[in-house]
$ cat model_21.tsv   # TSV, N, CA and C atoms
chain	number	residue	atom	x	y	z
W	1	SER	N	85.77	121.45	103.05
W	1	SER	CA	85.53	121.04	104.42
W	1	SER	C	86.73	120.22	104.91
W	2	ASN	N	86.51	119.03	105.44
W	2	ASN	CA	87.59	118.22	106.01
W	2	ASN	C	88.14	117.18	105.05
W	3	MET	N	87.79	117.26	103.79
W	3	MET	CA	88.28	116.29	102.82
W	3	MET	C	89.66	116.71	102.33
W	4	PRO	N	90.54	115.73	102.05
W	4	PRO	CA	91.85	116.10	101.50
W	4	PRO	C	91.68	116.60	100.06
W	5	LEU	N	92.46	117.59	99.69
W	5	LEU	CA	92.44	118.12	98.34
W	5	LEU	C	93.55	117.45	97.55
W	6	PHE	N	93.24	116.96	96.37
W	6	PHE	CA	94.18	116.16	95.58
W	6	PHE	C	95.49	116.90	95.36
W	7	GLY	N	96.59	116.29	95.82
W	7	GLY	CA	97.92	116.82	95.60
W	7	GLY	C	98.35	117.95	96.52
W	8	LEU	N	97.48	118.38	97.44
W	8	LEU	CA	97.82	119.49	98.33
W	8	LEU	C	97.94	119.02	99.77
W	9	PRO	N	99.10	119.24	100.41
W	9	PRO	CA	99.24	118.87	101.82
W	9	PRO	C	98.29	119.71	102.67
W	10	ARG	N	97.77	119.09	103.70
W	10	ARG	CA	96.77	119.79	104.50
W	10	ARG	C	96.67	119.13	105.87
W	11	THR	N	96.38	119.91	106.89
W	11	THR	CA	96.14	119.39	108.23
W	11	THR	C	94.71	119.78	108.62
W	12	ILE	N	93.97	118.80	109.10
W	12	ILE	CA	92.59	119.04	109.52
W	12	ILE	C	92.42	118.54	110.95
W	13	THR	N	91.29	118.89	111.54
W	13	THR	CA	90.93	118.34	112.85
W	13	THR	C	89.60	117.62	112.71
W	14	LEU	N	89.51	116.51	113.40
W	14	LEU	CA	88.27	115.72	113.43
W	14	LEU	C	87.80	115.57	114.87
W	15	PRO	N	86.51	115.39	115.07
W	15	PRO	CA	86.04	115.11	116.42
W	15	PRO	C	86.67	113.79	116.92
W	16	ARG	N	87.07	113.76	118.15
W	16	ARG	CA	87.72	112.57	118.71
W	16	ARG	C	86.65	111.55	119.13
W	17	LEU	N	86.84	110.33	118.70
W	17	LEU	CA	85.95	109.24	119.06
W	17	LEU	C	86.58	108.44	120.20
W	18	PRO	N	85.79	108.00	121.17
W	18	PRO	CA	86.37	107.26	122.30
W	18	PRO	C	86.75	105.81	121.95
W	19	GLU	N	86.28	105.33	120.81
W	19	GLU	CA	86.55	103.93	120.44
W	19	GLU	C	87.47	103.87	119.22
W	20	ARG	N	87.75	102.66	118.78
W	20	ARG	CA	88.59	102.46	117.59
W	20	ARG	C	87.79	102.86	116.35
W	21	PHE	N	88.49	103.42	115.38
W	21	PHE	CA	87.83	103.81	114.13
W	21	PHE	C	88.83	103.70	112.99
W	22	SER	N	88.33	103.80	111.77
W	22	SER	CA	89.16	103.73	110.58
W	22	SER	C	88.71	104.81	109.60
W	23	LEU	N	89.62	105.21	108.74
W	23	LEU	CA	89.30	106.17	107.68
W	23	LEU	C	89.40	105.46	106.34
W	24	SER	N	88.55	105.86	105.40
W	24	SER	CA	88.64	105.31	104.05
W	24	SER	C	88.47	106.44	103.04
W	25	PHE	N	89.02	106.21	101.85
W	25	PHE	CA	89.03	107.23	100.81
W	25	PHE	C	88.59	106.61	99.49
W	26	GLU	N	88.16	107.45	98.57
W	26	GLU	CA	87.67	107.05	97.25
W	26	GLU	C	86.59	105.97	97.37
W	27	GLU	N	85.56	106.31	98.12
W	27	GLU	CA	84.40	105.45	98.31
W	27	GLU	C	84.78	104.06	98.82
W	28	GLY	N	85.74	104.01	99.74
W	28	GLY	CA	86.13	102.75	100.36
W	28	GLY	C	87.20	101.97	99.63
W	29	LEU	N	87.69	102.49	98.51
W	29	LEU	CA	88.72	101.78	97.75
W	29	LEU	C	90.02	101.71	98.54
W	30	HIS	N	90.35	102.77	99.26
W	30	HIS	CA	91.55	102.82	100.10
W	30	HIS	C	91.11	102.95	101.55
W	31	ARG	N	91.41	101.94	102.35
W	31	ARG	CA	91.01	101.94	103.75
W	31	ARG	C	92.24	101.84	104.63
W	32	LEU	N	92.24	102.62	105.71
W	32	LEU	CA	93.36	102.63	106.64
W	32	LEU	C	93.10	101.69	107.81
W	33	PRO	N	94.15	101.23	108.48
W	33	PRO	CA	93.96	100.37	109.65
W	33	PRO	C	93.24	101.11	110.77
W	34	PHE	N	92.62	100.36	111.65
W	34	PHE	CA	91.91	100.95	112.78
W	34	PHE	C	92.90	101.59	113.75
W	35	VAL	N	92.49	102.71	114.35
W	35	VAL	CA	93.28	103.38	115.38
W	35	VAL	C	92.40	103.60	116.60
W	36	ASP	N	93.04	103.70	117.76
W	36	ASP	CA	92.32	103.94	119.01
W	36	ASP	C	92.19	105.44	119.21
W	37	GLY	N	90.97	105.94	119.14
W	37	GLY	CA	90.72	107.38	119.23
W	37	GLY	C	91.13	107.99	120.55
W	38	GLN	N	91.12	107.23	121.62
W	38	GLN	CA	91.44	107.76	122.94
W	38	GLN	C	92.95	107.92	123.14
W	39	TRP	N	93.77	107.13	122.45
W	39	TRP	CA	95.21	107.15	122.65
W	39	TRP	C	95.99	107.71	121.45
W	40	THR	N	95.30	108.12	120.40
W	40	THR	CA	95.98	108.62	119.21
W	40	THR	C	96.03	110.14	119.23
W	41	GLU	N	97.24	110.68	119.15
W	41	GLU	CA	97.44	112.12	119.17
W	41	GLU	C	97.26	112.73	117.78
W	42	LYS	N	97.84	112.03	116.76
W	42	LYS	CA	97.80	112.55	115.41
W	42	LYS	C	97.90	111.39	114.43
W	43	ILE	N	97.26	111.52	113.28
W	43	ILE	CA	97.35	110.53	112.21
W	43	ILE	C	97.96	111.23	110.99
W	44	ILE	N	98.99	110.61	110.43
W	44	ILE	CA	99.61	111.13	109.21
W	44	ILE	C	99.21	110.19	108.07
W	45	VAL	N	98.47	110.70	107.11
W	45	VAL	CA	97.99	109.92	105.97
W	45	VAL	C	98.82	110.31	104.75
W	46	THR	N	99.43	109.31	104.11
W	46	THR	CA	100.28	109.57	102.94
W	46	THR	C	99.64	108.97	101.70
W	47	PHE	N	99.41	109.81	100.71
W	47	PHE	CA	98.86	109.38	99.42
W	47	PHE	C	100.00	109.33	98.41
W	48	VAL	N	100.10	108.24	97.65
W	48	VAL	CA	101.06	108.14	96.55
W	48	VAL	C	100.24	108.18	95.27
W	49	TYR	N	100.55	109.12	94.39
W	49	TYR	CA	99.76	109.31	93.18
W	49	TYR	C	100.66	109.64	92.00
W	50	SER	N	100.09	109.63	90.83
W	50	SER	CA	100.80	110.08	89.63
W	50	SER	C	99.87	110.97	88.83
W	51	LYS	N	100.46	111.95	88.18
W	51	LYS	CA	99.66	112.85	87.34
W	51	LYS	C	99.57	112.35	85.91
W	52	SER	N	100.37	111.31	85.57
W	52	SER	CA	100.29	110.77	84.21
W	52	SER	C	98.98	110.01	84.07
W	53	GLY	N	98.44	110.02	82.88
W	53	GLY	CA	97.17	109.33	82.65
W	53	GLY	C	96.03	110.08	83.30
W	54	GLU	N	95.31	109.41	84.17
W	54	GLU	CA	94.12	109.98	84.80
W	54	GLU	C	94.42	110.68	86.11
W	55	GLY	N	95.65	110.66	86.59
W	55	GLY	CA	95.96	111.27	87.88
W	55	GLY	C	95.35	110.46	89.00
W	56	ARG	N	95.77	109.22	89.14
W	56	ARG	CA	95.17	108.31	90.10
W	56	ARG	C	95.99	108.17	91.37
W	57	ILE	N	95.31	107.82	92.45
W	57	ILE	CA	95.97	107.49	93.71
W	57	ILE	C	96.34	106.01	93.65
W	58	HIS	N	97.63	105.71	93.86
W	58	HIS	CA	98.10	104.33	93.79
W	58	HIS	C	98.04	103.63	95.14
W	59	SER	N	98.35	104.36	96.20
W	59	SER	CA	98.30	103.75	97.53
W	59	SER	C	98.08	104.81	98.59
W	60	VAL	N	97.54	104.36	99.71
W	60	VAL	CA	97.31	105.24	100.86
W	60	VAL	C	97.84	104.50	102.09
W	61	THR	N	98.72	105.15	102.82
W	61	THR	CA	99.24	104.57	104.06
W	61	THR	C	99.03	105.57	105.19
W	62	SER	N	99.15	105.07	106.41
W	62	SER	CA	98.97	105.97	107.56
W	62	SER	C	99.94	105.61	108.66
W	63	GLU	N	100.19	106.59	109.50
W	63	GLU	CA	101.01	106.40	110.69
W	63	GLU	C	100.29	107.11	111.83
W	64	ALA	N	99.97	106.36	112.88
W	64	ALA	CA	99.28	106.94	114.04
W	64	ALA	C	100.30	107.27	115.11
W	65	LYS	N	100.35	108.52	115.53
W	65	LYS	CA	101.23	108.95	116.62
W	65	LYS	C	100.45	108.78	117.92
W	66	ARG	N	100.93	107.86	118.75
W	66	ARG	CA	100.24	107.57	120.01
W	66	ARG	C	100.66	108.53	121.11
W	67	SER	N	99.75	108.76	122.01
W	67	SER	CA	100.00	109.63	123.16
W	67	SER	C	100.41	108.77	124.36
W	68	ALA	N	101.14	109.38	125.29
W	68	ALA	CA	101.55	108.66	126.51
W	68	ALA	C	100.40	108.60	127.51
W	69	ARG	N	99.38	109.39	127.29
W	69	ARG	CA	98.23	109.41	128.21
W	69	ARG	C	96.93	109.39	127.40
W	70	PRO	N	95.84	108.93	128.01
W	70	PRO	CA	94.55	109.01	127.30
W	70	PRO	C	94.19	110.48	127.03
W	71	ILE	N	93.62	110.72	125.86
W	71	ILE	CA	93.27	112.08	125.47
W	71	ILE	C	91.77	112.28	125.62
W	72	SER	N	91.39	113.42	126.15
W	72	SER	CA	89.99	113.75	126.38
W	72	SER	C	89.22	113.82	125.06
W	73	GLU	N	87.96	113.45	125.11
W	73	GLU	CA	87.11	113.52	123.92
W	73	GLU	C	86.90	114.96	123.46
W	74	LYS	N	87.14	115.92	124.34
W	74	LYS	CA	86.95	117.32	123.99
W	74	LYS	C	88.04	117.82	123.04
W	75	GLU	N	89.23	117.19	123.11
W	75	GLU	CA	90.33	117.59	122.23
W	75	GLU	C	90.10	117.02	120.83
W	76	LYS	N	90.40	117.81	119.83
W	76	LYS	CA	90.24	117.35	118.45
W	76	LYS	C	91.41	116.45	118.05
W	77	LEU	N	91.17	115.59	117.07
W	77	LEU	CA	92.20	114.70	116.54
W	77	LEU	C	92.80	115.36	115.29
W	78	LEU	N	94.13	115.48	115.26
W	78	LEU	CA	94.81	116.06	114.10
W	78	LEU	C	95.03	114.99	113.04
W	79	VAL	N	94.74	115.33	111.79
W	79	VAL	CA	94.99	114.43	110.67
W	79	VAL	C	95.77	115.24	109.62
W	80	GLU	N	96.99	114.77	109.31
W	80	GLU	CA	97.82	115.41	108.29
W	80	GLU	C	97.74	114.59	107.01
W	81	PHE	N	97.50	115.26	105.90
W	81	PHE	CA	97.48	114.61	104.60
W	81	PHE	C	98.75	115.00	103.85
W	82	GLU	N	99.56	114.01	103.50
W	82	GLU	CA	100.78	114.23	102.72
W	82	GLU	C	100.60	113.58	101.36
W	83	TRP	N	101.20	114.18	100.35
W	83	TRP	CA	101.08	113.68	98.98
W	83	TRP	C	102.46	113.44	98.40
W	84	ILE	N	102.67	112.27	97.82
W	84	ILE	CA	103.93	111.94	97.15
W	84	ILE	C	103.61	111.63	95.70
W	85	GLU	N	104.22	112.40	94.80
W	85	GLU	CA	103.98	112.18	93.37
W	85	GLU	C	105.01	111.21	92.80
W	86	GLU	N	104.54	110.15	92.17
W	86	GLU	CA	105.43	109.22	91.49
W	86	GLU	C	105.82	109.82	90.14
W	87	GLU	N	106.94	109.36	89.63
W	87	GLU	CA	107.38	109.81	88.32
W	87	GLU	C	106.38	109.35	87.26
W	88	ALA	N	106.24	110.15	86.22
W	88	ALA	CA	105.36	109.79	85.11
W	88	ALA	C	105.89	108.52	84.43
W	89	VAL	N	104.99	107.66	84.06
W	89	VAL	CA	105.36	106.38	83.45
W	89	VAL	C	104.91	106.37	81.99
W	90	ASP	N	105.80	105.96	81.10
W	90	ASP	CA	105.46	105.84	79.68
W	90	ASP	C	104.96	104.42	79.45
W	91	LEU	N	103.64	104.25	79.42
W	91	LEU	CA	103.05	102.91	79.30
W	91	LEU	C	103.37	102.26	77.96
W	92	GLU	N	103.45	103.05	76.90
W	92	GLU	CA	103.74	102.49	75.58
W	92	GLU	C	105.15	101.89	75.53
W	93	ALA	N	106.11	102.58	76.12
W	93	ALA	CA	107.49	102.07	76.16
W	93	ALA	C	107.56	100.78	76.98
W	94	GLY	N	106.86	100.74	78.10
W	94	GLY	CA	106.84	99.54	78.93
W	94	GLY	C	106.23	98.36	78.19
W	95	SER	N	105.17	98.60	77.45
W	95	SER	CA	104.53	97.52	76.68
W	95	SER	C	105.47	97.03	75.58
W	96	SER	N	106.18	97.94	74.94
W	96	SER	CA	107.12	97.55	73.88
W	96	SER	C	108.24	96.69	74.43
W	97	VAL	N	108.78	97.05	75.57
W	97	VAL	CA	109.85	96.28	76.19
W	97	VAL	C	109.35	94.88	76.57
W	98	MET	N	108.16	94.80	77.13
W	98	MET	CA	107.59	93.49	77.51
W	98	MET	C	107.36	92.62	76.27
W	99	PHE	N	106.86	93.21	75.18
W	99	PHE	CA	106.64	92.46	73.95
W	99	PHE	C	107.95	91.94	73.39
W	100	LEU	N	108.97	92.80	73.38
W	100	LEU	CA	110.28	92.39	72.87
W	100	LEU	C	110.88	91.27	73.72
W	101	ALA	N	110.76	91.36	75.02
W	101	ALA	CA	111.28	90.31	75.91
W	101	ALA	C	110.55	88.99	75.66
W	102	ALA	N	109.24	89.03	75.50
W	102	ALA	CA	108.47	87.81	75.24
W	102	ALA	C	108.84	87.21	73.89
W	103	LEU	N	109.04	88.05	72.88
W	103	LEU	CA	109.41	87.58	71.55
W	103	LEU	C	110.79	86.91	71.58
W	104	LEU	N	111.76	87.55	72.21
W	104	LEU	CA	113.11	86.98	72.28
W	104	LEU	C	113.14	85.67	73.07
W	105	SER	N	112.41	85.61	74.17
W	105	SER	CA	112.40	84.37	74.94
W	105	SER	C	111.70	83.25	74.16
W	106	SER	N	110.69	83.57	73.38
W	106	SER	CA	110.02	82.56	72.55
W	106	SER	C	110.96	82.03	71.47
W	107	ILE	N	111.70	82.93	70.83
W	107	ILE	CA	112.66	82.51	69.80
W	107	ILE	C	113.74	81.64	70.42
W	108	PHE	N	114.26	82.05	71.57
W	108	PHE	CA	115.28	81.27	72.26
W	108	PHE	C	114.75	79.87	72.61
W	109	PHE	N	113.50	79.81	73.09
W	109	PHE	CA	112.89	78.53	73.44
W	109	PHE	C	112.75	77.63	72.20
W	110	LEU	N	112.33	78.20	71.08
W	110	LEU	CA	112.19	77.41	69.85
W	110	LEU	C	113.54	76.89	69.36
W	111	ILE	N	114.58	77.71	69.44
W	111	ILE	CA	115.92	77.27	69.04
W	111	ILE	C	116.37	76.11	69.93
W	112	GLN	N	116.15	76.23	71.22
W	112	GLN	CA	116.53	75.15	72.15
W	112	GLN	C	115.74	73.88	71.84
W	113	LEU	N	114.47	74.03	71.55
W	113	LEU	CA	113.61	72.89	71.26
W	113	LEU	C	114.05	72.19	69.98
W	114	CYS	N	114.36	72.95	68.94
W	114	CYS	CA	114.83	72.36	67.67
W	114	CYS	C	116.19	71.70	67.86
W	115	GLY	N	117.07	72.32	68.63
W	115	GLY	CA	118.39	71.76	68.88
W	115	GLY	C	118.31	70.46	69.68
W	116	ALA	N	117.42	70.41	70.64
W	116	ALA	CA	117.26	69.20	71.46
W	116	ALA	C	116.66	68.08	70.63
W	117	GLY	N	115.75	68.39	69.73
W	117	GLY	CA	115.13	67.38	68.88
W	117	GLY	C	116.13	66.77	67.92
W	118	GLY	N	117.07	67.56	67.40
W	118	GLY	CA	118.08	67.07	66.47
W	118	GLY	C	119.06	66.11	67.15
W	119	GLU	N	119.40	66.35	68.40
W	119	GLU	CA	120.33	65.48	69.13
W	119	GLU	C	119.70	64.12	69.39
W	120	ASP	N	118.42	64.07	69.68
W	120	ASP	CA	117.75	62.80	69.95
W	120	ASP	C	117.74	61.90	68.72
W	121	HIS	N	117.53	62.47	67.53
W	121	HIS	CA	117.50	61.66	66.32
W	121	HIS	C	118.87	61.06	66.03
W	122	GLY	N	119.94	61.78	66.31
W	122	GLY	CA	121.29	61.28	66.09
W	122	GLY	C	121.58	60.09	66.99
W	123	GLN	N	121.10	60.10	68.21
W	123	GLN	CA	121.34	58.98	69.13
W	123	GLN	C	120.53	57.76	68.68
W	124	ASP	N	119.33	57.95	68.17
W	124	ASP	CA	118.50	56.84	67.72
W	124	ASP	C	119.17	56.13	66.54
W	125	ARG	N	119.78	56.87	65.64
W	125	ARG	CA	120.44	56.27	64.49
W	125	ARG	C	121.65	55.44	64.91
W	126	ARG	N	122.41	55.94	65.88
W	126	ARG	CA	123.59	55.22	66.33
W	126	ARG	C	123.21	53.92	67.05
W	127	GLU	N	122.12	53.95	67.81
W	127	GLU	CA	121.69	52.77	68.55
W	127	GLU	C	121.14	51.69	67.64
W	128	SER	N	120.52	52.07	66.52
W	128	SER	CA	119.92	51.06	65.61
W	128	SER	C	120.98	50.35	64.77
W	129	ARG	N	122.19	50.82	64.69
W	129	ARG	CA	123.24	50.16	63.88
W	129	ARG	C	123.78	48.97	64.52
$ encode --input "model_21.tsv" --output "structure tokens"
Amino acid sequence: SNMPLFGLPRTITLPRLPERFSLSFEEGLHRLPFVDGQWTEKIIVTFVYSKSGEGRIHSVTSEAKRSARPISEKEKLLVEFEWIEEEAVDLEAGSSVMFLAALLSSIFFLIQLCGAGGEDHGQDRRESR
């Protein structure tokens, strides 16, 4: 029917509403800003998704093309669905890099802490003489 098909560009028509309205997808998880049905000629909805993992939609944005004149309720509203696929992400590699960065920064912090502690003891000995 008028639902977007995952990953396939498509143009549909919807009945024109005389008031402001909004569209939402995935049971309200992704909601678009309100548009004025009387002055909007076309809405372009862009889905950003990835096929890696579960094939999820990451974001949904829209662009409303306004008309120079009010549009009759008899005219249908055009809605274009565009799909942009993100590059596949290797989650395991990303986790490994984050772990390595955390480990190195912890070691660096410990070295700095031990070095700072050693300098303080040397000053205390000099002052007590």
$ residues_near_point --input "model_21.tsv" --point "(85.9, 107.6, 116.0)" --cutoff "8 Å" --atoms "all atoms listed in the file" --output "short mmCIF file (atom, residue, chain, number, x, y, z; two decimals) with N, CA and C atoms, keeping the file's coordinate frame"
data_model
loop_
_atom_site.label_atom_id
_atom_site.label_comp_id
_atom_site.auth_asym_id
_atom_site.auth_seq_id
_atom_site.Cartn_x
_atom_site.Cartn_y
_atom_site.Cartn_z
N PRO W 15 86.51 115.39 115.07
CA PRO W 15 86.04 115.11 116.42
C PRO W 15 86.67 113.79 116.92
N ARG W 16 87.07 113.76 118.15
CA ARG W 16 87.72 112.57 118.71
C ARG W 16 86.65 111.55 119.13
N LEU W 17 86.84 110.33 118.70
CA LEU W 17 85.95 109.24 119.06
C LEU W 17 86.58 108.44 120.20
N PRO W 18 85.79 108.00 121.17
CA PRO W 18 86.37 107.26 122.30
C PRO W 18 86.75 105.81 121.95
N GLU W 19 86.28 105.33 120.81
CA GLU W 19 86.55 103.93 120.44
C GLU W 19 87.47 103.87 119.22
N ARG W 20 87.75 102.66 118.78
CA ARG W 20 88.59 102.46 117.59
C ARG W 20 87.79 102.86 116.35
N PHE W 21 88.49 103.42 115.38
CA PHE W 21 87.83 103.81 114.13
C PHE W 21 88.83 103.70 112.99
N SER W 22 88.33 103.80 111.77
CA SER W 22 89.16 103.73 110.58
C SER W 22 88.71 104.81 109.60
N VAL W 35 92.49 102.71 114.35
CA VAL W 35 93.28 103.38 115.38
C VAL W 35 92.40 103.60 116.60
N ASP W 36 93.04 103.70 117.76
CA ASP W 36 92.32 103.94 119.01
C ASP W 36 92.19 105.44 119.21
N GLY W 37 90.97 105.94 119.14
CA GLY W 37 90.72 107.38 119.23
C GLY W 37 91.13 107.99 120.55
N GLN W 38 91.12 107.23 121.62
CA GLN W 38 91.44 107.76 122.94
C GLN W 38 92.95 107.92 123.14
#
$ closest_atom_pairs --input "model_21.tsv" --of "region 11-42 of chain W" --to "region 68-72 of chain W" --cutoff "8 Å" --atoms "only C-alpha atoms" --output "Markdown table"
| residue | atom | partner | partner_atom | distance |
| --- | --- | --- | --- | --- |
| W:Gln38 | CA | W:Ile71 | CA | 5.3 |
| W:Trp39 | CA | W:Pro70 | CA | 5.1 |
| W:Thr40 | CA | W:Ile71 | CA | 7.6 |
| W:Glu41 | CA | W:Ile71 | CA | 7.6 |
$ select_by_dssp --input "model_21.tsv" --residues "region 35-77 of chain W" --states "strand (DSSP E)" --output "list in words"
Val35, Asp36, Thr40, Glu41, Lys42, Ile43, Ile44, Val45, Thr46, Phe47, Val48, Tyr49, Ile57, His58, Ser59, Val60, Thr61, Ser62, Glu63, Ala64, Lys65, Arg66 and Leu77 of chain W
$ atom_distance --input "model_21.tsv" --atom1 "CA of Phe25 (chain W)" --atom2 "CA of Lys74 (chain W)"
25.4 Å
$ atom_distance --input "model_21.tsv" --atom1 "CA of Glu26 (chain W)" --atom2 "atom C of Ala93 (chain W)"
29.1 Å
$ closest_residue --input "model_21.tsv" --among "W:Ile44, W:Leu14, W:Met3, W:Leu8" --to "Lys76 (chain W)" --atoms "only N, CA and C atoms"
W:Leu14
$ closest_residue --input "model_21.tsv" --among "W:Leu104, W:Val97, W:Ile12, W:Val45" --to "Glu82 (chain W)" --atoms "only N, CA and C atoms"
W:Val45
$ atom_distance --input "model_21.tsv" --atom1 "CA of Ser59 (chain W)" --atom2 "CA of Phe99 (chain W)"
27.4 Å
$ residues_near_point --input "model_21.tsv" --point "(94.8, 109.3, 112.4)" --cutoff "6 Å" --atoms "all atoms listed in the file" --output "list in words"
Lys42, Ile43, Ile44, Glu63, Ala64, Leu78 and Val79 of chain W
$ write_last_selection --input "model_21.tsv" --atoms "N, CA and C atoms" --output "JSON list (two decimals), in the frame of the given file"
[["chain", "number", "residue", "atom", "x", "y", "z"],
["W", 42, "LYS", "N", 97.84, 112.03, 116.76],
["W", 42, "LYS", "CA", 97.80, 112.55, 115.41],
["W", 42, "LYS", "C", 97.90, 111.39, 114.43],
["W", 43, "ILE", "N", 97.26, 111.52, 113.28],
["W", 43, "ILE", "CA", 97.35, 110.53, 112.21],
["W", 43, "ILE", "C", 97.96, 111.23, 110.99],
["W", 44, "ILE", "N", 98.99, 110.61, 110.43],
["W", 44, "ILE", "CA", 99.61, 111.13, 109.21],
["W", 44, "ILE", "C", 99.21, 110.19, 108.07],
["W", 63, "GLU", "N", 100.19, 106.59, 109.50],
["W", 63, "GLU", "CA", 101.01, 106.40, 110.69],
["W", 63, "GLU", "C", 100.29, 107.11, 111.83],
["W", 64, "ALA", "N", 99.97, 106.36, 112.88],
["W", 64, "ALA", "CA", 99.28, 106.94, 114.04],
["W", 64, "ALA", "C", 100.30, 107.27, 115.11],
["W", 78, "LEU", "N", 94.13, 115.48, 115.26],
["W", 78, "LEU", "CA", 94.81, 116.06, 114.10],
["W", 78, "LEU", "C", 95.03, 114.99, 113.04],
["W", 79, "VAL", "N", 94.74, 115.33, 111.79],
["W", 79, "VAL", "CA", 94.99, 114.43, 110.67],
["W", 79, "VAL", "C", 95.77, 115.24, 109.62]]
$ select_by_dssp --input "model_21.tsv" --residues "region 4-111 of chain W" --states "helix (DSSP H, G or I)" --output "JSON, numbers by chain"
{"W": [91, 92, 93, 94, 95, 96, 97, 98, 99, 100, 101, 102, 103, 104, 105, 106, 107, 108, 109, 110, 111]}
$ axis_aligned_box --input "model_21.tsv" --around "region 40-49 of chain W" --padding-each-side "6 Å" --output "JSON"
{"center_x": 98.2, "center_y": 110.4, "center_z": 106.2, "size_x": 17.8, "size_y": 16.6, "size_z": 40.4}
$ decode --input "model_21.tsv" --residues "region 57-63 of chain W" --atoms "all heavy atoms" --output "mmCIF file, in the first residue's frame"
data_model
loop_
_atom_site.group_PDB
_atom_site.id
_atom_site.type_symbol
_atom_site.label_atom_id
_atom_site.label_comp_id
_atom_site.auth_asym_id
_atom_site.auth_seq_id
_atom_site.Cartn_x
_atom_site.Cartn_y
_atom_site.Cartn_z
ATOM 1 N N ILE W 57 17.195 1.070 10.796
ATOM 2 C CA ILE W 57 17.127 2.464 10.368
ATOM 3 C C ILE W 57 17.769 3.297 11.471
ATOM 4 O O ILE W 57 17.385 3.217 12.638
ATOM 5 C CB ILE W 57 15.666 2.890 10.142
ATOM 6 C CG1 ILE W 57 15.079 2.108 8.977
ATOM 7 C CG2 ILE W 57 15.589 4.388 9.889
ATOM 8 C CD1 ILE W 57 13.600 2.338 8.769
ATOM 9 N N HIS W 58 18.780 4.102 11.093
ATOM 10 C CA HIS W 58 19.494 4.918 12.070
ATOM 11 C C HIS W 58 18.861 6.296 12.236
ATOM 12 O O HIS W 58 18.832 6.829 13.338
ATOM 13 C CB HIS W 58 20.964 5.077 11.675
ATOM 14 C CG HIS W 58 21.687 3.777 11.627
ATOM 15 N ND1 HIS W 58 22.022 3.070 12.755
ATOM 16 C CD2 HIS W 58 22.119 3.031 10.580
ATOM 17 C CE1 HIS W 58 22.642 1.964 12.412
ATOM 18 N NE2 HIS W 58 22.708 1.907 11.095
ATOM 19 N N SER W 59 18.397 6.874 11.143
ATOM 20 C CA SER W 59 17.773 8.193 11.238
ATOM 21 C C SER W 59 16.799 8.394 10.088
ATOM 22 O O SER W 59 16.907 7.748 9.047
ATOM 23 C CB SER W 59 18.833 9.302 11.230
ATOM 24 O OG SER W 59 19.452 9.374 9.961
ATOM 25 N N VAL W 60 15.852 9.290 10.328
ATOM 26 C CA VAL W 60 14.867 9.653 9.312
ATOM 27 C C VAL W 60 14.793 11.178 9.301
ATOM 28 O O VAL W 60 14.597 11.800 10.348
ATOM 29 C CB VAL W 60 13.469 9.066 9.629
ATOM 30 C CG1 VAL W 60 12.473 9.458 8.553
ATOM 31 C CG2 VAL W 60 13.533 7.561 9.770
ATOM 32 N N THR W 61 14.985 11.760 8.128
ATOM 33 C CA THR W 61 14.862 13.209 7.981
ATOM 34 C C THR W 61 13.881 13.502 6.857
ATOM 35 O O THR W 61 13.557 12.629 6.049
ATOM 36 C CB THR W 61 16.219 13.862 7.652
ATOM 37 O OG1 THR W 61 16.735 13.275 6.459
ATOM 38 C CG2 THR W 61 17.218 13.666 8.779
ATOM 39 N N SER W 62 13.422 14.749 6.820
ATOM 40 C CA SER W 62 12.475 15.117 5.769
ATOM 41 C C SER W 62 12.752 16.528 5.282
ATOM 42 O O SER W 62 13.352 17.347 5.986
ATOM 43 C CB SER W 62 11.041 15.022 6.283
ATOM 44 O OG SER W 62 10.815 16.014 7.263
ATOM 45 N N GLU W 63 12.301 16.772 4.071
ATOM 46 C CA GLU W 63 12.366 18.108 3.482
ATOM 47 C C GLU W 63 11.022 18.360 2.825
ATOM 48 O O GLU W 63 10.587 17.586 1.973
ATOM 49 C CB GLU W 63 13.488 18.179 2.455
ATOM 50 C CG GLU W 63 13.603 19.516 1.783
ATOM 51 C CD GLU W 63 14.650 19.539 0.691
ATOM 52 O OE1 GLU W 63 15.368 18.539 0.521
ATOM 53 O OE2 GLU W 63 14.731 20.558 -0.005
#
